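Text of the file model.cif, holding mmCIF, C-alpha atoms:
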data_data
loop_
_atom_site.label_atom_id
_atom_site.label_comp_id
_atom_site.auth_asym_id
_atom_site.auth_seq_id
_atom_site.Cartn_x
_atom_site.Cartn_y
_atom_site.Cartn_z
CA ASN A 133 226.65 148.14 333.86
CA LEU A 134 224.51 151.25 333.70
CA ARG A 135 224.80 154.04 336.28
CA MET A 136 222.10 156.63 337.00
CA LEU A 137 222.84 159.83 338.90
CA ILE A 138 219.98 160.79 341.26
CA TRP A 139 219.53 163.30 344.10
CA SER A 140 217.47 161.17 346.48
CA ALA A 141 218.99 158.91 349.12
CA ASN A 142 215.57 158.16 350.61
CA GLU A 143 215.42 154.46 351.49
CA ASP A 144 211.86 154.03 350.20
CA HIS A 145 212.78 155.69 346.90
CA LEU A 146 215.87 153.53 346.49
CA ARG A 147 213.95 150.37 347.34
CA LEU A 148 211.47 151.08 344.55
CA LEU A 149 214.16 152.13 342.05
CA ASN A 150 216.12 148.95 342.73
CA GLU A 151 212.97 146.89 342.37
CA ILE A 152 212.54 148.30 338.85
CA ALA A 153 216.23 147.70 338.04
CA ASP A 154 215.99 144.10 339.27
CA ALA A 155 212.87 143.48 337.18
CA TYR A 156 214.69 144.76 334.11
CA LYS A 157 217.72 142.57 334.78
CA ALA A 158 215.45 139.54 335.10
CA GLN A 159 214.39 140.17 331.49
CA ASN A 160 217.83 141.37 330.33
CA PRO A 161 220.49 139.42 332.27
CA GLN A 162 223.31 141.25 330.45
CA VAL A 163 222.29 144.64 331.91
CA SER A 164 222.76 145.85 335.50
CA VAL A 165 221.68 149.24 336.84
CA THR A 166 223.05 151.06 339.88
CA TYR A 167 221.98 154.40 341.34
CA GLU A 168 224.41 157.02 342.62
CA ALA A 169 222.82 159.51 345.02
CA VAL A 170 224.26 163.03 345.08
CA PRO A 171 222.94 165.83 347.35
CA TYR A 172 220.65 168.17 345.44
CA GLY A 173 222.79 171.24 346.06
CA GLU A 174 225.89 169.49 344.69
CA PHE A 175 224.18 167.84 341.76
CA PRO A 176 224.92 170.21 338.85
CA THR A 177 228.59 170.49 339.80
CA THR A 178 228.99 166.74 340.29
CA LEU A 179 227.33 165.94 336.96
CA THR A 180 229.37 168.42 334.93
CA THR A 181 232.58 167.36 336.69
CA GLN A 182 231.94 163.70 335.89
CA ILE A 183 231.22 164.51 332.25
CA ALA A 184 234.36 166.66 331.95
CA GLY A 185 236.44 163.93 333.59
CA GLY A 186 235.33 161.26 331.13
CA ASN A 187 233.21 159.50 333.75
CA ALA A 188 229.73 160.53 332.64
CA PRO A 189 226.82 158.57 334.10
CA ASP A 190 224.65 156.69 331.63
CA LEU A 191 221.44 158.32 332.88
CA THR A 192 220.71 161.33 335.05
CA TRP A 193 217.91 163.16 336.77
CA LEU A 194 217.67 166.89 335.98
CA THR A 195 215.23 169.66 336.77
CA GLU A 196 213.42 171.26 333.86
CA THR A 197 215.41 174.47 334.37
CA GLY A 198 218.68 172.54 334.61
CA SER A 199 218.04 170.64 331.39
CA PHE A 200 218.29 173.66 329.05
CA ASP A 201 222.09 173.80 328.96
CA PHE A 202 222.48 170.06 328.41
CA ILE A 203 219.99 169.94 325.55
CA ALA A 204 221.43 173.09 323.95
CA ALA A 205 224.95 171.66 324.18
CA GLY A 206 223.91 168.46 322.40
CA ALA A 207 224.83 166.39 325.45
CA MET A 208 221.64 164.32 325.58
CA PHE A 209 220.74 161.16 323.65
CA PRO A 210 217.47 161.41 321.64
CA LEU A 211 214.68 159.23 323.06
CA THR A 212 211.70 159.56 320.70
CA GLU A 213 212.55 156.63 318.41
CA THR A 214 213.34 154.28 321.29
CA PHE A 215 210.11 155.10 323.12
CA ARG A 216 207.95 154.88 319.98
CA THR A 217 209.34 151.51 318.95
CA THR A 218 209.13 149.92 322.40
CA GLU A 219 206.17 147.55 322.43
CA GLY A 220 203.30 148.80 324.58
CA TYR A 221 205.04 152.05 325.55
CA GLU A 222 202.29 154.45 324.35
CA LEU A 223 204.21 157.72 324.21
CA GLU A 224 200.94 159.49 323.43
CA ASP A 225 199.79 158.60 326.97
CA TYR A 226 201.99 161.43 328.25
CA ALA A 227 200.51 164.91 328.34
CA GLN A 228 201.71 166.77 325.25
CA ALA A 229 202.69 169.81 327.30
CA SER A 230 205.07 167.68 329.35
CA ILE A 231 206.59 166.16 326.22
CA ASP A 232 207.09 169.63 324.72
CA SER A 233 208.77 170.84 327.91
CA TRP A 234 211.51 168.23 327.57
CA SER A 235 211.94 168.42 323.79
CA GLN A 236 213.78 170.49 321.23
CA ASP A 237 212.86 170.67 317.54
CA GLY A 238 210.39 167.84 318.01
CA GLU A 239 212.89 165.44 319.59
CA LEU A 240 212.34 164.21 323.16
CA TYR A 241 215.47 164.23 325.33
CA PHE A 242 214.04 163.55 328.81
CA TYR A 243 211.31 161.34 330.18
CA PRO A 244 209.06 163.62 332.33
CA PHE A 245 209.76 161.77 335.54
CA SER A 246 208.11 163.89 338.22
CA THR A 247 205.76 166.85 337.85
CA SER A 248 205.12 167.72 341.46
CA PRO A 249 202.56 170.43 342.29
CA PHE A 250 203.28 172.86 345.10
CA ALA A 251 200.63 172.98 347.82
CA VAL A 252 200.15 173.98 351.45
CA PHE A 253 200.26 171.55 354.35
CA VAL A 254 198.17 172.89 357.22
CA ASN A 255 198.38 172.23 360.95
CA ASN A 256 194.71 172.70 361.76
CA ASP A 257 195.36 172.32 365.49
CA VAL A 258 197.49 175.48 365.76
CA VAL A 259 195.22 177.38 363.37
CA ARG A 260 192.26 176.70 365.67
CA GLU A 261 194.39 177.44 368.74
CA ALA A 262 194.91 180.91 367.25
CA ASN A 263 191.12 181.24 366.79
CA GLN A 264 191.43 181.34 363.01
CA LYS A 265 189.39 179.70 360.29
CA THR A 266 191.18 176.80 358.64
CA PRO A 267 192.16 177.08 354.96
CA ALA A 268 189.55 174.44 354.15
CA GLU A 269 186.88 176.67 355.69
CA LEU A 270 188.20 179.67 353.74
CA ILE A 271 188.17 177.62 350.52
CA ALA A 272 184.49 176.82 351.14
CA GLU A 273 183.83 180.58 351.51
CA GLY A 274 185.92 181.47 348.44
CA ASN A 275 188.42 183.39 350.60
CA TRP A 276 191.60 181.27 350.43
CA ASP A 277 194.16 183.77 349.13
CA TRP A 278 197.62 185.03 350.09
CA GLN A 279 196.30 187.92 352.19
CA HIS A 280 194.24 185.57 354.36
CA ALA A 281 197.13 183.12 354.48
CA VAL A 282 199.54 185.66 356.00
CA GLU A 283 196.85 186.85 358.40
CA ILE A 284 196.47 183.28 359.67
CA GLY A 285 200.24 182.91 359.86
CA SER A 286 200.62 186.12 361.82
CA ALA A 287 197.88 185.11 364.25
CA VAL A 288 199.40 181.65 364.77
CA ASN A 289 202.78 183.18 365.48
CA GLY A 290 201.33 185.76 367.85
CA GLU A 291 199.10 183.36 369.78
CA THR A 292 201.27 180.25 369.93
CA GLY A 293 204.83 181.39 369.25
CA LYS A 294 205.03 178.78 366.48
CA HIS A 295 205.95 179.54 362.89
CA GLY A 296 203.12 180.93 360.81
CA ILE A 297 203.84 180.38 357.12
CA VAL A 298 206.86 178.27 356.23
CA PHE A 299 208.45 178.19 352.79
CA ARG A 300 210.16 174.85 352.51
CA ASP A 301 213.91 175.13 351.78
CA PHE A 302 213.92 178.92 351.55
CA ASP A 303 216.92 180.29 353.44
CA TYR A 304 217.21 183.77 351.86
CA THR A 305 219.60 182.40 349.22
CA SER A 306 217.39 179.94 347.32
CA TRP A 307 215.29 182.69 345.74
CA THR A 308 213.92 180.27 343.13
CA ARG A 309 211.95 178.65 345.99
CA LEU A 310 209.76 181.74 346.00
CA ALA A 311 208.36 181.06 342.52
CA PRO A 312 205.15 179.45 343.91
CA LEU A 313 204.38 182.84 345.50
CA TYR A 314 205.35 185.35 342.82
CA THR A 315 203.63 183.28 340.14
CA ALA A 316 200.38 184.42 341.81
CA TRP A 317 201.16 187.89 340.42
CA ASP A 318 201.70 186.50 336.88
CA VAL A 319 205.38 187.43 337.05
CA LYS A 320 207.67 186.85 334.06
CA LEU A 321 211.36 186.67 334.98
CA TRP A 322 212.54 187.50 331.47
CA SER A 323 211.16 188.22 328.02
CA GLU A 324 209.98 185.49 325.65
CA ASP A 325 213.29 185.59 323.76
CA GLY A 326 215.17 185.28 327.05
CA LYS A 327 217.28 188.40 326.48
CA THR A 328 215.71 190.98 328.78
CA CYS A 329 215.21 190.85 332.56
CA MET A 330 211.60 191.63 333.56
CA MET A 331 211.97 191.54 337.34
CA THR A 332 211.34 195.29 337.46
CA SER A 333 207.73 194.87 336.31
CA PRO A 334 204.95 196.25 338.54
CA GLU A 335 203.80 192.67 339.12
CA MET A 336 207.19 191.59 340.49
CA VAL A 337 207.50 194.74 342.62
CA ASP A 338 204.06 194.05 344.10
CA ALA A 339 204.84 190.38 344.71
CA MET A 340 208.19 191.02 346.37
CA SER A 341 206.78 193.93 348.38
CA PHE A 342 204.05 191.61 349.67
CA LEU A 343 206.67 189.01 350.55
CA HIS A 344 208.96 191.58 352.15
CA ASP A 345 206.19 192.83 354.43
CA ALA A 346 205.39 189.28 355.54
CA ILE A 347 208.81 187.74 355.67
CA ILE A 348 210.45 189.22 358.75
CA THR A 349 208.72 186.92 361.25
CA GLN A 350 206.98 184.28 359.17
CA ILE A 351 209.34 182.64 356.69
CA SER A 352 211.47 179.77 357.91
CA ARG A 353 212.34 176.19 357.18
CA ALA A 354 209.66 173.57 357.73
CA ASN A 355 209.99 170.30 359.55
CA LEU A 356 208.53 167.14 358.09
CA LEU A 357 205.04 166.19 359.22
CA PRO A 358 205.34 164.51 362.65
CA THR A 359 203.79 161.16 363.42
CA GLY A 360 202.88 159.14 366.49
CA ASP A 361 202.53 161.08 369.75
CA ASN A 362 203.53 164.32 368.02
CA ALA A 363 200.98 164.02 365.23
CA PHE A 364 198.47 166.79 364.60
CA GLU A 365 195.35 167.18 362.50
CA TRP A 366 196.74 168.17 359.12
CA ASP A 367 195.28 169.09 355.77
CA LEU A 368 196.61 169.57 352.26
CA VAL A 369 195.19 172.46 350.24
CA PRO A 370 196.06 174.24 346.98
CA LEU A 371 198.21 177.33 346.92
CA PRO A 372 196.32 180.47 348.02
CA ALA A 373 194.86 182.55 345.21
CA GLY A 374 196.70 185.68 344.13
CA PRO A 375 195.98 188.78 342.06
CA ILE A 376 195.54 186.55 339.00
CA GLY A 377 193.06 184.33 340.86
CA GLU A 378 193.52 180.60 341.36
CA TYR A 379 196.70 179.17 339.88
CA GLY A 380 199.11 176.26 340.22
CA TYR A 381 202.86 175.80 340.22
CA VAL A 382 204.86 172.60 339.68
CA GLY A 383 208.43 171.52 340.12
CA ALA A 384 209.41 169.31 337.20
CA ALA A 385 212.19 166.73 336.94
CA GLY A 386 213.14 164.47 334.05
CA ILE A 387 215.45 161.54 333.37
CA GLY A 388 217.69 161.56 330.33
CA VAL A 389 220.50 159.55 328.77
CA LEU A 390 223.91 161.17 328.33
CA LYS A 391 225.27 161.02 324.80
CA ALA A 392 228.70 160.48 326.34
CA SER A 393 227.56 157.16 327.79
CA PRO A 394 229.36 154.19 326.21
CA HIS A 395 226.02 152.35 326.37
CA ALA A 396 223.61 155.11 325.40
CA GLN A 397 221.19 152.91 323.45
CA GLU A 398 221.10 150.31 326.22
CA ALA A 399 220.45 153.10 328.70
CA ALA A 400 217.59 154.41 326.54
CA ASP A 401 216.12 150.90 326.38
CA PHE A 402 216.21 150.69 330.17
CA LEU A 403 214.59 154.12 330.46
CA ALA A 404 211.76 152.94 328.19
CA PHE A 405 211.18 150.07 330.63
CA PHE A 406 211.56 152.37 333.65
CA SER A 407 208.87 154.70 332.30
CA ASN A 408 206.33 152.18 331.03
CA LYS A 409 202.82 152.30 332.44
CA GLU A 410 203.37 149.60 335.07
CA ASN A 411 206.44 151.24 336.53
CA VAL A 412 205.08 154.78 336.34
CA THR A 413 202.10 153.52 338.35
CA LYS A 414 204.52 152.33 341.06
CA LEU A 415 206.56 155.53 340.93
CA ALA A 416 203.41 157.65 341.27
CA ARG A 417 203.54 157.08 345.03
CA TYR A 418 206.46 159.49 345.27
CA PHE A 419 206.74 161.16 341.87
CA PRO A 420 203.53 162.60 340.33
CA PRO A 421 203.30 161.41 336.71
CA THR A 422 202.08 163.01 333.52
CA ARG A 423 200.88 159.73 331.98
CA SER A 424 197.17 160.37 331.55
CA SER A 425 196.19 156.77 332.30
CA VAL A 426 198.01 156.92 335.64
CA LEU A 427 197.03 160.46 336.66
CA THR A 428 193.62 159.45 338.03
CA PRO A 429 192.21 159.51 341.57
CA GLU A 430 191.81 155.73 341.55
CA VAL A 431 195.43 154.98 340.60
CA LEU A 432 196.92 157.68 342.84
CA ALA A 433 194.74 156.69 345.81
CA ALA A 434 196.07 153.14 345.67
CA SER A 435 199.64 154.36 346.17
CA ASN A 436 198.91 157.43 348.33
CA PRO A 437 196.66 156.20 351.16
CA LEU A 438 197.29 159.28 353.34
CA LEU A 439 195.58 161.60 350.84
CA SER A 440 191.85 161.74 350.21
CA VAL A 441 190.34 161.52 346.75
CA GLU A 442 189.42 165.21 347.05
CA GLN A 443 193.02 166.18 347.91
CA LEU A 444 194.38 164.06 345.06
CA THR A 445 191.92 165.64 342.62
CA ASP A 446 192.08 169.27 343.72
CA VAL A 447 195.76 169.48 344.62
CA VAL A 448 197.73 166.79 342.79
CA ILE A 449 195.86 166.15 339.53
CA LYS A 450 194.74 169.74 339.01
CA GLY A 451 198.22 170.95 339.94
CA VAL A 452 199.95 168.64 337.45
CA THR A 453 197.57 169.38 334.58
CA GLU A 454 197.18 173.14 335.09
CA GLY A 455 200.26 174.27 337.04
CA ARG A 456 203.01 176.44 335.59
CA SER A 457 206.65 175.45 335.89
CA ALA A 458 209.83 177.44 336.35
CA ALA A 459 211.18 179.67 333.58
CA GLY A 460 214.27 177.96 332.20
CA HIS A 461 217.26 179.50 330.47
CA THR A 462 220.72 178.56 329.31
CA ASN A 463 223.46 179.47 331.82
CA TYR A 464 220.81 178.86 334.47
CA GLU A 465 223.18 178.21 337.36
CA GLN A 466 225.01 181.47 336.64
CA ILE A 467 221.68 183.28 336.57
CA VAL A 468 220.67 181.77 339.91
CA GLN A 469 223.93 182.87 341.56
CA ASN A 470 223.74 186.34 340.02
CA VAL A 471 220.17 186.98 341.18
CA ARG A 472 220.87 185.59 344.64
CA ALA A 473 223.71 188.07 345.11
CA SER A 474 221.61 190.92 343.76
CA LEU A 475 218.71 190.15 346.11
CA ASP A 476 220.87 190.07 349.24
CA SER A 477 219.99 193.69 349.98
CA LEU A 478 216.26 192.87 349.87
CA TRP A 479 216.26 190.88 353.09
CA VAL A 480 216.44 193.86 355.45
CA PRO A 481 213.47 195.72 356.99
CA ASP A 482 213.94 199.05 355.18
CA ALA A 483 214.79 197.72 351.71
CA ASP A 484 213.61 199.66 348.66
CA VAL A 485 212.07 196.75 346.73
CA ALA A 486 211.81 198.52 343.36
CA GLN A 487 215.42 199.74 343.59
CA VAL A 488 216.71 196.29 344.50
CA LEU A 489 214.87 194.72 341.55
CA GLN A 490 216.20 197.37 339.18
CA ALA A 491 219.76 196.59 340.30
CA THR A 492 218.99 192.89 339.85
CA CYS A 493 217.97 193.43 336.22
CA ASP A 494 220.95 195.71 335.59
CA ASN A 495 223.25 192.91 336.70
CA LEU A 496 221.32 190.16 334.95
CA ASN A 497 220.76 191.63 331.46
CA PRO A 498 224.36 191.16 330.21
CA LEU A 499 224.17 187.49 331.17
CA LEU A 500 220.77 186.97 329.51
CA GLN A 501 221.98 188.55 326.28
CA ARG A 502 224.95 186.23 325.81
#
Represent the supplied structure as structure tokens.
Amino acid sequence: NLRMLIWSANEDHLRLLNEIADAYKAQNPQVSVTYEAVPYGEFPTTLTTQIAGGNAPDLTWLTETGSFDFIAAGAMFPLTETFRTTEGYELEDYAQASIDSWSQDGELYFYPFSTSPFAVFVNNDVVREANQKTPAELIAEGNWDWQHAVEIGSAVNGETGKHGIVFRDFDYTSWTRLAPLYTAWDVKLWSEDGKTCMMTSPEMVDAMSFLHDAIITQISRANLLPTGDNAFEWDLVPLPAGPIGEYGYVGAAGIGVLKASPHAQEAADFLAFFSNKENVTKLARYFPPTRSSVLTPEVLAASNPLLSVEQLTDVVIKGVTEGRSAAGHTNYEQIVQNVRASLDSLWVPDADVAQVLQATCDNLNPLLQR
């Protein structure tokens, strides 16, 4: 009886996951798989508590940033041999960059489950109501960048009273949610060796100053796209260009097998089935893949009927193949909490951005150097 820890309780997600588990059981009657959904914010604590209590799940989802500590601690079961020896698996079908991201010393420890590009959903109705050009029109002119984006947002707010630009899930504490913006300035959070905070760089000061000037009336939590009578004409466009030009940013999640599982090899065998081409094609509806044979407009269009071929190509496929991901580090949760506390003084109108970032690095450097 295998148990996988996940952070989605979405009924459509669970229906598909259970369909894959049932198909595996039909071929392997001795193996059952259940999914345990834990809220995203509670996930790291729940996982580590279960491991410490001798009740480790057999498999778990983890973000790319969250995986560093588990790999470094030797807590994950190696997957390369299982995947390579599974008939028809074709490990080489996965983009090498995604394999490298989840590996250490040439050994793969996570299947790159979802590589989801960040993008901008646009309510064209309110943009036009504010007498602004839509992002699609600005893209055609070569003018879709962050400066134009905040100008549209400001106009929408002023003319309609509605939110202008909304950063999903940013509530002034989840600072990591801002990475899709500051990446436009080519920001590095820390040095290549991970020992020195680089948030005081001119690029970060410029990025956070830009955000600070825009944030007072424009940043909030977004609602999901409405349907039915409340529907509007919407569009999906790439992130606005920044000082470094066009760029992409992805949020990456992987699935791994815990070494503490009493059935680690059986769990790895199930994961090989879970991530074969047929199942990845099904999962692509919700979780953008890095399997090259699946990451095509034709395959994605079949499972994502709401998106056009152009949107799938320019936003999803280009985002997955070219987008950067978050900078990971050991002790990542401690780093997140430390930076959040340090940035508290940034979210006021008269904040000295450079001074706040200097204090952030002063507090963070001892932790990075451990």
Need to verify the contact set: Met340 of chain A, 12 Å, only C-alpha atoms, exclusion of same-chain residues closer than 2 positions in sequence. Can you return it as a PyMOL selection string?
chain A and resi 307+310-311+313-317+319+331-338+342-347+475+478-479+483-489
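Atom to atom, atom CA of Val431 of chain A and atom CA of Trp193 of chain A stand 24.2 Å apart.
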If you take only C-alpha atoms and a cut-off of 12 Å, which residues of segment 176-218 of chain A touch segment 223-235 of chain A, and what are their nearest atom pairs and distances in Å to one decimal, in chain and number order, as a Markdown table?
| residue | atom | partner | partner_atom | distance |
| --- | --- | --- | --- | --- |
| A:Leu194 | CA | A:Trp234 | CA | 10.5 |
| A:Thr195 | CA | A:Trp234 | CA | 10.0 |
| A:Glu196 | CA | A:Trp234 | CA | 7.2 |
| A:Thr197 | CA | A:Ser233 | CA | 9.9 |
| A:Gly198 | CA | A:Trp234 | CA | 10.9 |
| A:Ser199 | CA | A:Trp234 | CA | 7.9 |
| A:Phe200 | CA | A:Trp234 | CA | 8.8 |
| A:Phe202 | CA | A:Trp234 | CA | 11.2 |
| A:Ile203 | CA | A:Ser235 | CA | 8.4 |
| A:Ala204 | CA | A:Ser235 | CA | 10.6 |
| A:Met208 | CA | A:Ser235 | CA | 10.7 |
| A:Phe209 | CA | A:Ser235 | CA | 11.4 |
| A:Pro210 | CA | A:Ser235 | CA | 9.2 |
| A:Leu211 | CA | A:Ser235 | CA | 9.6 |
| A:Thr212 | CA | A:Leu223 | CA | 8.5 |
| A:Glu213 | CA | A:Leu223 | CA | 10.2 |
| A:Thr214 | CA | A:Leu223 | CA | 10.2 |
| A:Phe215 | CA | A:Leu223 | CA | 6.5 |
| A:Arg216 | CA | A:Leu223 | CA | 6.3 |
| A:Thr217 | CA | A:Leu223 | CA | 9.6 |
| A:Thr218 | CA | A:Leu223 | CA | 9.4 |
Those selected residues, please, written with C-alpha atoms and delivered as a CSV table (one decimal), in the coordinates of the input.
chain,number,residue,atom,x,y,z
A,194,LEU,CA,217.7,166.9,336.0
A,195,THR,CA,215.2,169.7,336.8
A,196,GLU,CA,213.4,171.3,333.9
A,197,THR,CA,215.4,174.5,334.4
A,198,GLY,CA,218.7,172.5,334.6
A,199,SER,CA,218.0,170.6,331.4
A,200,PHE,CA,218.3,173.7,329.0
A,202,PHE,CA,222.5,170.1,328.4
A,203,ILE,CA,220.0,169.9,325.6
A,204,ALA,CA,221.4,173.1,324.0
A,208,MET,CA,221.6,164.3,325.6
A,209,PHE,CA,220.7,161.2,323.6
A,210,PRO,CA,217.5,161.4,321.6
A,211,LEU,CA,214.7,159.2,323.1
A,212,THR,CA,211.7,159.6,320.7
A,213,GLU,CA,212.6,156.6,318.4
A,214,THR,CA,213.3,154.3,321.3
A,215,PHE,CA,210.1,155.1,323.1
A,216,ARG,CA,208.0,154.9,320.0
A,217,THR,CA,209.3,151.5,319.0
A,218,THR,CA,209.1,149.9,322.4
Please provide as a list in words all residues within 12 Å of Ala268 of chain A, with the sequence filter that same-chain residues fewer than 2 positions apart are discarded (counting all atoms listed in the file).
Val252, Phe253, Val254, Asn255, Asn256, Val259, Gln264, Lys265, Thr266, Leu270, Ile271, Ala272, Glu273, Gly274, Asn275, Trp276, Asp277, Ala281, Trp366, Asp367, Leu368, Val369, Pro370, Leu371, Pro372, Glu442, Gln443 and Asp446 of chain A
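You will find atom CA of Thr462 of chain A at 25.8 Å from atom CA of Arg300 of chain A.
Selection by the PyMOL selection byres ((chain A and resi 415) around 9) on the present file picks out His145, Leu148, Leu149, Phe245, Ser246, Ser407, Glu410, Asn411, Val412, Thr413, Lys414, Ala416, Arg417, Tyr418, Phe419, Pro420, Pro421 and Ser435 of chain A.
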Excluding Thr328 of chain A and its own-chain neighbours fewer than 5 positions away, which residues fall within 8 Å of it when counting only C-alpha atoms? Please give them as a list in words.
Trp322, Ser323, Asn497, Leu500 and Gln501 of chain A
Ground truth for the PyMOL selection byres ((chain A and resi 175) around 10), written as an mmCIF file with C-alpha atoms, in the coordinates of the input:
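Output (result_33.cif):
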data_model
loop_
_atom_site.group_PDB
_atom_site.id
_atom_site.type_symbol
_atom_site.label_atom_id
_atom_site.label_comp_id
_atom_site.auth_asym_id
_atom_site.auth_seq_id
_atom_site.Cartn_x
_atom_site.Cartn_y
_atom_site.Cartn_z
ATOM 1 C CA LEU A 137 222.840 159.830 338.900
ATOM 2 C CA ILE A 138 219.980 160.790 341.260
ATOM 3 C CA TRP A 139 219.530 163.300 344.100
ATOM 4 C CA ALA A 169 222.820 159.510 345.020
ATOM 5 C CA VAL A 170 224.260 163.030 345.080
ATOM 6 C CA PRO A 171 222.940 165.830 347.350
ATOM 7 C CA TYR A 172 220.650 168.170 345.440
ATOM 8 C CA GLY A 173 222.790 171.240 346.060
ATOM 9 C CA GLU A 174 225.890 169.490 344.690
ATOM 10 C CA PRO A 176 224.920 170.210 338.850
ATOM 11 C CA THR A 177 228.590 170.490 339.800
ATOM 12 C CA THR A 178 228.990 166.740 340.290
ATOM 13 C CA LEU A 179 227.330 165.940 336.960
ATOM 14 C CA THR A 180 229.370 168.420 334.930
ATOM 15 C CA THR A 181 232.580 167.360 336.690
ATOM 16 C CA THR A 192 220.710 161.330 335.050
ATOM 17 C CA TRP A 193 217.910 163.160 336.770
ATOM 18 C CA LEU A 194 217.670 166.890 335.980
#
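For the pair atom CA of Tyr221 of chain A and atom CA of Ala153 of chain A, the interatomic distance is 17.3 Å.
Nearest residue to Ser457 of chain A among A:Arg423, A:His395, A:Lys327, A:Arg309 is A:Arg309, counting all atoms listed in the file.
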Pick out the residues sitting within 6 Å of Tyr381 of chain A, and hand them over as a PyMOL selection string; count all atoms listed in the file, and ignore anything fewer than 3 positions along from it in its own chain.
chain A and resi 249-250+312+455-457
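With all atoms listed in the file as the basis for measurement, A:Ile297 is the residue among A:Leu499, A:Ala396, A:Ala491, A:Ile297 that approaches His280 of chain A most closely.
Among the candidates A:Asp190, A:Glu454, A:Asp318, A:Glu291, the residue lying nearest to Glu261 of chain A is A:Glu291 (atoms considered: all atoms listed in the file).
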What would the selection look like, as an mmCIF file with C-alpha atoms, in the frame of the given file, if the PyMOL selection byres ((chain A and resi 136) around 10) were run on the coordinates I just shared?
data_model
loop_
_atom_site.group_PDB
_atom_site.id
_atom_site.type_symbol
_atom_site.label_atom_id
_atom_site.label_comp_id
_atom_site.auth_asym_id
_atom_site.auth_seq_id
_atom_site.Cartn_x
_atom_site.Cartn_y
_atom_site.Cartn_z
ATOM 1 C CA LEU A 134 224.510 151.250 333.700
ATOM 2 C CA ARG A 135 224.800 154.040 336.280
ATOM 3 C CA LEU A 137 222.840 159.830 338.900
ATOM 4 C CA ILE A 138 219.980 160.790 341.260
ATOM 5 C CA VAL A 165 221.680 149.240 336.840
ATOM 6 C CA THR A 166 223.050 151.060 339.880
ATOM 7 C CA TYR A 167 221.980 154.400 341.340
ATOM 8 C CA GLU A 168 224.410 157.020 342.620
ATOM 9 C CA ALA A 169 222.820 159.510 345.020
ATOM 10 C CA ALA A 188 229.730 160.530 332.640
ATOM 11 C CA PRO A 189 226.820 158.570 334.100
ATOM 12 C CA ASP A 190 224.650 156.690 331.630
ATOM 13 C CA LEU A 191 221.440 158.320 332.880
ATOM 14 C CA THR A 192 220.710 161.330 335.050
ATOM 15 C CA TRP A 193 217.910 163.160 336.770
ATOM 16 C CA ILE A 387 215.450 161.540 333.370
ATOM 17 C CA GLY A 388 217.690 161.560 330.330
ATOM 18 C CA VAL A 389 220.500 159.550 328.770
ATOM 19 C CA LEU A 390 223.910 161.170 328.330
ATOM 20 C CA ALA A 399 220.450 153.100 328.700
#
Counting only C-alpha atoms, figure out which residue out of A:Val448, A:Thr428, A:Leu439, A:Asn495 gets nearest to Thr247 of chain A.
A:Val448
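Distances here use all atoms listed in the file; by that measure, the residue among A:Ser248, A:Val480, A:Pro437, A:Tyr156 closest to Ile449 of chain A is A:Ser248.
With all atoms listed in the file as the atoms that count, the residue of A:Pro267, A:Asp401, A:Ser164, A:Ala392 with the shortest distance to Ala184 of chain A is A:Ala392.
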Provide an axis-aligned box for all listed atoms of segment 450-462 of chain A, padding each side by 8 Å; report its centre and its edge lengths in Å to one decimal, as lines of an AutoDock Vina configuration file.
center_x = 207.7
center_y = 174.2
center_z = 334.6
size_x = 42.0
size_y = 27.0
size_z = 26.6
Using the atoms already present, construct N, CA and C atoms for segment 331-340 of chain A and hand them back as a PDB file, in the coordinates of the input.
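The result, stored in part_5.pdb:
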ATOM      1  N   MET A 331     212.244 191.538 335.906  1.00  0.00           N
ATOM      2  CA  MET A 331     211.970 191.540 337.340  1.00  0.00           C
ATOM      3  C   MET A 331     211.626 192.919 337.882  1.00  0.00           C
ATOM      4  N   THR A 332     211.718 193.949 337.028  1.00  0.00           N
ATOM      5  CA  THR A 332     211.340 195.290 337.460  1.00  0.00           C
ATOM      6  C   THR A 332     209.880 195.599 337.169  1.00  0.00           C
ATOM      7  N   SER A 333     209.126 194.634 336.667  1.00  0.00           N
ATOM      8  CA  SER A 333     207.730 194.870 336.310  1.00  0.00           C
ATOM      9  C   SER A 333     206.909 195.206 337.556  1.00  0.00           C
ATOM     10  N   PRO A 334     205.811 195.946 337.394  1.00  0.00           N
ATOM     11  CA  PRO A 334     204.950 196.250 338.540  1.00  0.00           C
ATOM     12  C   PRO A 334     204.481 194.992 339.265  1.00  0.00           C
ATOM     13  N   GLU A 335     204.260 193.911 338.504  1.00  0.00           N
ATOM     14  CA  GLU A 335     203.800 192.670 339.120  1.00  0.00           C
ATOM     15  C   GLU A 335     204.849 192.103 340.068  1.00  0.00           C
ATOM     16  N   MET A 336     206.129 192.115 339.643  1.00  0.00           N
ATOM     17  CA  MET A 336     207.190 191.590 340.490  1.00  0.00           C
ATOM     18  C   MET A 336     207.412 192.500 341.705  1.00  0.00           C
ATOM     19  N   VAL A 337     207.355 193.804 341.493  1.00  0.00           N
ATOM     20  CA  VAL A 337     207.500 194.740 342.620  1.00  0.00           C
ATOM     21  C   VAL A 337     206.396 194.499 343.646  1.00  0.00           C
ATOM     22  N   ASP A 338     205.173 194.308 343.177  1.00  0.00           N
ATOM     23  CA  ASP A 338     204.060 194.050 344.100  1.00  0.00           C
ATOM     24  C   ASP A 338     204.253 192.725 344.831  1.00  0.00           C
ATOM     25  N   ALA A 339     204.659 191.699 344.095  1.00  0.00           N
ATOM     26  CA  ALA A 339     204.840 190.380 344.710  1.00  0.00           C
ATOM     27  C   ALA A 339     205.938 190.401 345.764  1.00  0.00           C
ATOM     28  N   MET A 340     207.076 191.001 345.431  1.00  0.00           N
ATOM     29  CA  MET A 340     208.190 191.020 346.370  1.00  0.00           C
ATOM     30  C   MET A 340     207.939 191.986 347.522  1.00  0.00           C
TER      31      MET A 340
END
